[in-house]
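Enquirer: I'd like to ask some things about the structure below.
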Amino acid sequence: MPSLLANKWTKVPVFLLCLFPFGFLVWRSFTGNLGPNQVETLQHTTGDWTLRFLVITLCITPLRKLLKLRDLIRFRRMLGLFAFFYACLHFLTYLGPDQSFDPAAMWKDVAKRPFITVGFTAFVLLIPLAITSTAGWIRRLGGRRWQWLHRLIYISAICGVIHYYWLVKSAVLRPLTYGAIVAALLLWRLGDWLFRRGRSIAVAQKTENASAKV
Amino acid sequence: MLIRRKPELTYADVTPKDLYFNRRKFLQAMSLAGAAAFVGKSLLELTAPTRNVFAASKFPNLAKSPFSTTEKQNTLEEVSHYNNFYEFGVDKDQPAKNAQKFRTSPWSVSVEGEVKTKRKFTLDEILKLAPLEERIYRHRCVEGWSIVVPWIGFSFSTIANLVQPTDKAKYVAFESAYDLSQMPESRYAGIQLPYVEGLRLDEAMNPLTLVTVGMYGDSLPNQDGAPVRMVIPWKYGFKGIKSIVKIKFVSKEPPTTWNLANSQEYGFYSNVNPNVDHPRWSQAKERRLGEIFKRATLMFNGYQDQVASLYTGMDLKKYY
């Protein structure tokens, strides 16, 4: 498994796999298999896949640490960019069929409707992450600052879940499931951070004690 | 006597030589093209069957209605595969699958409450209460989509006149069938069941208010509310209760399912109104199934002339 993850060619099938939902959607569009409300099918499917890719991206770090799979990190950027890709498609299905490509109407809607506002926020927050996803930008920003910036994905994922939750009329089971998964992934990070902080304090105290004895 | 003779064939009538020599090839090509078209069509049929829907024998003498719109109708496929019927699942494509085995026979509807003569009608009796009409109505869902459907039924006033509401009757309450053993998916509905709905008596007596027993020339598919449902075309779709088992004339405004679920978002009246938005989305526009871009939503779904007078003096922002 580790060697497979380290192999540079593994990215190719992963990429194609990530593209599959899009390909399937295109195929359904051209064969008239989108169901009675084609636009809604496109909106829901692209929205679903945005959330799924956000969740998958957020899984990388915990899995990498828990399973000690160092090379998993190689896939994080691609998965995050796929989340952005599906978010763009999702946004286009809103801007086009819903708002007739009228930016003024869109802004009015974004400002007025909390459900749209959070969805739009989730999308906009992903834009700087996509732009600064290159190695050049990591260098320019410096690792630490880059990392802080990319924690915006936490807020984006939370906004995405709220957007979904506010969309449904009464069937809250699915948005709540996404909510639970995102919550678990963020809580793990908090726990991990507290644990490391505790340990580094302990280490610092130890060294302090040791130096006091000398 | 002058005998008109047709002129002899001229040289212009001669089939050109190349065409003459190629006529076999031409025929071959034609049959090939035909075969290809046939195969193509069968393939298309396999991927997207266009069921032949008009079994029209079920209701042979449908009267036409002046209330019908001339707008383009949606297809039976669309109307029967995009349903909100939470008893059979919350996804639009679930009722078409999960309602197939729902038992609609025997069926009876009890009419009770503030009436002079309580009655229990079997479905056969209901079908004979009045001459059945085809009413092609616009149907607007609160979620922002719409369809045009040729319903079959008769005005609700027929039933009211039979049972004779008393002076105390001010509202009509409706109740849907509810049987968990036949509707296991209803556990995830997130709304209180059985589904209940209601109308003010004058709304119920408006000739547009339709007791509906069929669509597209045939009985209602189970997922569309078989065997008998209400259609109130100037109100959001959820007011049109499906699979009715009870009709009760009452003196007070009856509880309604979506209002119970969320009173901020779904009022008792729920008239189609482009000027009163749902708290979470605009109601100014709607998407007709089959179309990409949205169209403007009409006041009272375009039935203003028939129903606006029911609400004179009422603040429709307050009574949404």
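In the structure tokens, chains take letters A, B, ... by order of appearance, with residues numbered from 1 within each chain and ligands from 1 in the order shown.
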Need the shell around Arg113 of chain A: protein/DNA/RNA residues with any atom at most 10 Å away, counting only C-alpha atoms. Skip same-chain ones fewer than 5 positions apart. Format as JSON, numbers by chain?

Expert: {"A": [108, 118, 119], "B": [278, 279, 280, 281, 282]}

Enquirer: Would you mind exporting N, CA and C atoms of the selected residues as a PDB file, in the first residue's frame?

Expert:
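Everything below was put into part.pdb:
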ATOM      1  N   LYS A 108     -28.579  40.112  -5.531  1.00  0.00           N
ATOM      2  CA  LYS A 108     -29.766  40.357  -4.740  1.00  0.00           C
ATOM      3  C   LYS A 108     -30.160  39.083  -3.978  1.00  0.00           C
ATOM      4  N   VAL A 118     -24.936  31.314   2.551  1.00  0.00           N
ATOM      5  CA  VAL A 118     -23.943  30.353   3.058  1.00  0.00           C
ATOM      6  C   VAL A 118     -23.364  29.508   1.936  1.00  0.00           C
ATOM      7  N   GLY A 119     -24.194  29.140   0.980  1.00  0.00           N
ATOM      8  CA  GLY A 119     -23.693  28.346  -0.148  1.00  0.00           C
ATOM      9  C   GLY A 119     -22.660  29.142  -0.927  1.00  0.00           C
TER      10      GLY A 119
ATOM     11  N   HIS B 278     -41.098  32.631   0.049  1.00  0.00           N
ATOM     12  CA  HIS B 278     -40.819  31.644   1.076  1.00  0.00           C
ATOM     13  C   HIS B 278     -39.626  32.201   1.862  1.00  0.00           C
ATOM     14  N   PRO B 279     -39.569  31.975   3.182  1.00  0.00           N
ATOM     15  CA  PRO B 279     -38.446  32.562   3.933  1.00  0.00           C
ATOM     16  C   PRO B 279     -37.079  32.196   3.352  1.00  0.00           C
ATOM     17  N   ARG B 280     -36.998  31.039   2.700  1.00  0.00           N
ATOM     18  CA  ARG B 280     -35.680  30.617   2.224  1.00  0.00           C
ATOM     19  C   ARG B 280     -35.451  30.834   0.740  1.00  0.00           C
ATOM     20  N   TRP B 281     -36.525  31.045  -0.028  1.00  0.00           N
ATOM     21  CA  TRP B 281     -36.293  31.278  -1.453  1.00  0.00           C
ATOM     22  C   TRP B 281     -37.395  32.165  -2.035  1.00  0.00           C
ATOM     23  N   SER B 282     -37.094  32.695  -3.221  1.00  0.00           N
ATOM     24  CA  SER B 282     -38.037  33.584  -3.891  1.00  0.00           C
ATOM     25  C   SER B 282     -39.173  32.771  -4.512  1.00  0.00           C
TER      26      SER B 282
END

Enquirer: For segment 73-88 of chain B, find every residue with an atom within 8 Å (counting only C-alpha atoms), except residues of its own chain fewer than 2 positions away, and show them as a VMD selection string.

Expert: (chain A and resid 35 to 37) or (chain B and resid 50 to 51 53 71 90 to 96 98 to 99 136 147 to 150 178 183 to 186 189 216 221 223 to 224 289 to 290)

Enquirer: Would you pick out the contacts of segment 82-95 of chain A at 7 Å or less, using only C-alpha atoms, so that residues sharing its chain but fewer than 3 positions from it are not included, and give the list as a ChimeraX atom specification?

Expert: /A:43,46-47,49-50,53-54,78-79,98-101,106,123,126,130

Enquirer: Produce a file of the selected residues containing N, CA and C atoms, as an mmCIF file, in the first residue's frame.

Expert:
data_model
loop_
_atom_site.group_PDB
_atom_site.id
_atom_site.type_symbol
_atom_site.label_atom_id
_atom_site.label_comp_id
_atom_site.auth_asym_id
_atom_site.auth_seq_id
_atom_site.Cartn_x
_atom_site.Cartn_y
_atom_site.Cartn_z
ATOM 1 N N GLN A 43 -28.017 20.373 -10.487
ATOM 2 C CA GLN A 43 -27.686 21.134 -9.274
ATOM 3 C C GLN A 43 -27.426 20.208 -8.097
ATOM 4 N N THR A 46 -24.130 17.979 -8.642
ATOM 5 C CA THR A 46 -22.865 18.701 -8.480
ATOM 6 C C THR A 46 -22.690 19.169 -7.031
ATOM 7 N N GLY A 47 -23.792 19.529 -6.378
ATOM 8 C CA GLY A 47 -23.715 19.931 -4.973
ATOM 9 C C GLY A 47 -23.277 18.770 -4.092
ATOM 10 N N TRP A 49 -21.536 16.179 -4.952
ATOM 11 C CA TRP A 49 -20.128 15.809 -5.167
ATOM 12 C C TRP A 49 -19.172 16.852 -4.594
ATOM 13 N N THR A 50 -19.599 18.106 -4.563
ATOM 14 C CA THR A 50 -18.771 19.122 -3.905
ATOM 15 C C THR A 50 -18.577 18.753 -2.436
ATOM 16 N N PHE A 53 -16.377 15.658 -1.988
ATOM 17 C CA PHE A 53 -14.942 15.893 -2.169
ATOM 18 C C PHE A 53 -14.364 16.735 -1.038
ATOM 19 N N LEU A 54 -15.170 17.633 -0.491
ATOM 20 C CA LEU A 54 -14.686 18.381 0.672
ATOM 21 C C LEU A 54 -14.422 17.415 1.826
ATOM 22 N N MET A 78 -5.102 17.409 -5.321
ATOM 23 C CA MET A 78 -5.982 17.011 -6.413
ATOM 24 C C MET A 78 -7.427 16.872 -5.920
ATOM 25 N N LEU A 79 -7.597 16.254 -4.768
ATOM 26 C CA LEU A 79 -8.950 16.055 -4.240
ATOM 27 C C LEU A 79 -9.603 17.395 -3.901
ATOM 28 N N ASP A 98 -30.849 29.347 -12.986
ATOM 29 C CA ASP A 98 -31.651 29.988 -11.943
ATOM 30 C C ASP A 98 -31.672 31.500 -12.081
ATOM 31 N N GLN A 99 -30.518 32.090 -12.371
ATOM 32 C CA GLN A 99 -30.423 33.550 -12.393
ATOM 33 C C GLN A 99 -30.243 34.113 -13.803
ATOM 34 N N SER A 100 -30.385 33.269 -14.804
ATOM 35 C CA SER A 100 -30.266 33.690 -16.210
ATOM 36 C C SER A 100 -28.995 34.497 -16.476
ATOM 37 N N PHE A 101 -27.897 34.125 -15.842
ATOM 38 C CA PHE A 101 -26.595 34.784 -16.007
ATOM 39 C C PHE A 101 -26.662 36.280 -15.715
ATOM 40 N N MET A 106 -28.331 37.871 -9.194
ATOM 41 C CA MET A 106 -27.638 36.931 -8.324
ATOM 42 C C MET A 106 -27.260 37.591 -7.002
ATOM 43 N N PHE A 123 -18.543 28.575 -1.468
ATOM 44 C CA PHE A 123 -17.893 28.572 -2.787
ATOM 45 C C PHE A 123 -16.761 29.588 -2.849
ATOM 46 N N LEU A 126 -13.446 28.837 -1.292
ATOM 47 C CA LEU A 126 -12.589 27.851 -1.966
ATOM 48 C C LEU A 126 -11.699 28.488 -3.037
ATOM 49 N N ALA A 130 -7.933 27.383 -4.168
ATOM 50 C CA ALA A 130 -7.610 26.819 -5.479
ATOM 51 C C ALA A 130 -6.452 27.585 -6.108
#

Enquirer: What is the atom CA of Glu197 of chain B to atom CA of Leu129 of chain B distance in Å?

Expert: 22.5 Å

Enquirer: I'd like the neighbourhood of Gly160 of chain A as a list of chain:residue names, where a residue qualifies if any of its atoms comes within 8 Å (using only C-alpha atoms), though same-chain residues fewer than 3 positions away should be ignored.

Expert: A:Leu51, A:Val118, A:Gly119, A:Ala122, A:Ser156, A:Ala157, A:His163, A:Tyr164

Enquirer: What does the file look like for those residues with C-alpha atoms, as a JSON list (two decimals), in the first residue's frame?

Expert:
[["chain", "number", "residue", "atom", "x", "y", "z"],
["A", 51, "LEU", "CA", -19.63, 18.11, -0.35],
["A", 118, "VAL", "CA", -23.94, 30.35, 3.06],
["A", 119, "GLY", "CA", -23.69, 28.35, -0.15],
["A", 122, "ALA", "CA", -18.69, 28.15, 0.92],
["A", 156, "SER", "CA", -16.25, 26.19, 3.65],
["A", 157, "ALA", "CA", -17.27, 22.65, 4.61],
["A", 163, "HIS", "CA", -26.47, 25.25, 2.86],
["A", 164, "TYR", "CA", -27.68, 21.67, 2.34]]

Enquirer: Could you work out how far atom CA of Phe300 of chain B lies from atom CA of Lys235 of chain B, giving the answer in Å with one decimal?

Expert: 6.8 Å

Enquirer: Please determine the contact residues of chain A with respect to chain B at a cut-off of 10 Å, counting only C-alpha atoms, and supply them as a list in words.

Expert: Thr31, Gly32, Asn33, Gly35, Pro36, Asn37, Gln38, Val39, Glu40, Thr93, Gly96, Pro97, Asp98, Gln99, Ser100, Asp109, Lys112, Arg113, Pro114, Phe115, Ile116, Trp166, Leu167, Val168, Lys169, Ser170, Ala171, Val172 and Leu173 of chain A

Enquirer: With distances taken over only C-alpha atoms, which residue among B:Thr212, B:Asn259, B:Ser270, B:Ser243 lies nearest Lys317 of chain B?

Expert: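 Nearest to Lys317 of chain B: B:Ser270.
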
Enquirer: Residues at most 6 Å from Ser65 of chain B, counting only C-alpha atoms, excluding those fewer than 2 positions away in the same chain, as a short mmCIF file (atom, residue, chain, number, x, y, z; two decimals) with N, CA and C atoms, in the first residue's frame?

Expert:
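That gives us result12.cif:
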data_model
loop_
_atom_site.label_atom_id
_atom_site.label_comp_id
_atom_site.auth_asym_id
_atom_site.auth_seq_id
_atom_site.Cartn_x
_atom_site.Cartn_y
_atom_site.Cartn_z
N PHE B 67 -62.25 26.03 -17.93
CA PHE B 67 -61.14 26.40 -17.04
C PHE B 67 -59.80 25.89 -17.56
N SER B 68 -59.82 25.05 -18.58
CA SER B 68 -58.56 24.45 -19.05
C SER B 68 -57.67 25.48 -19.72
N ARG B 135 -59.77 18.73 -16.89
CA ARG B 135 -59.37 20.10 -16.57
C ARG B 135 -57.85 20.20 -16.69
#
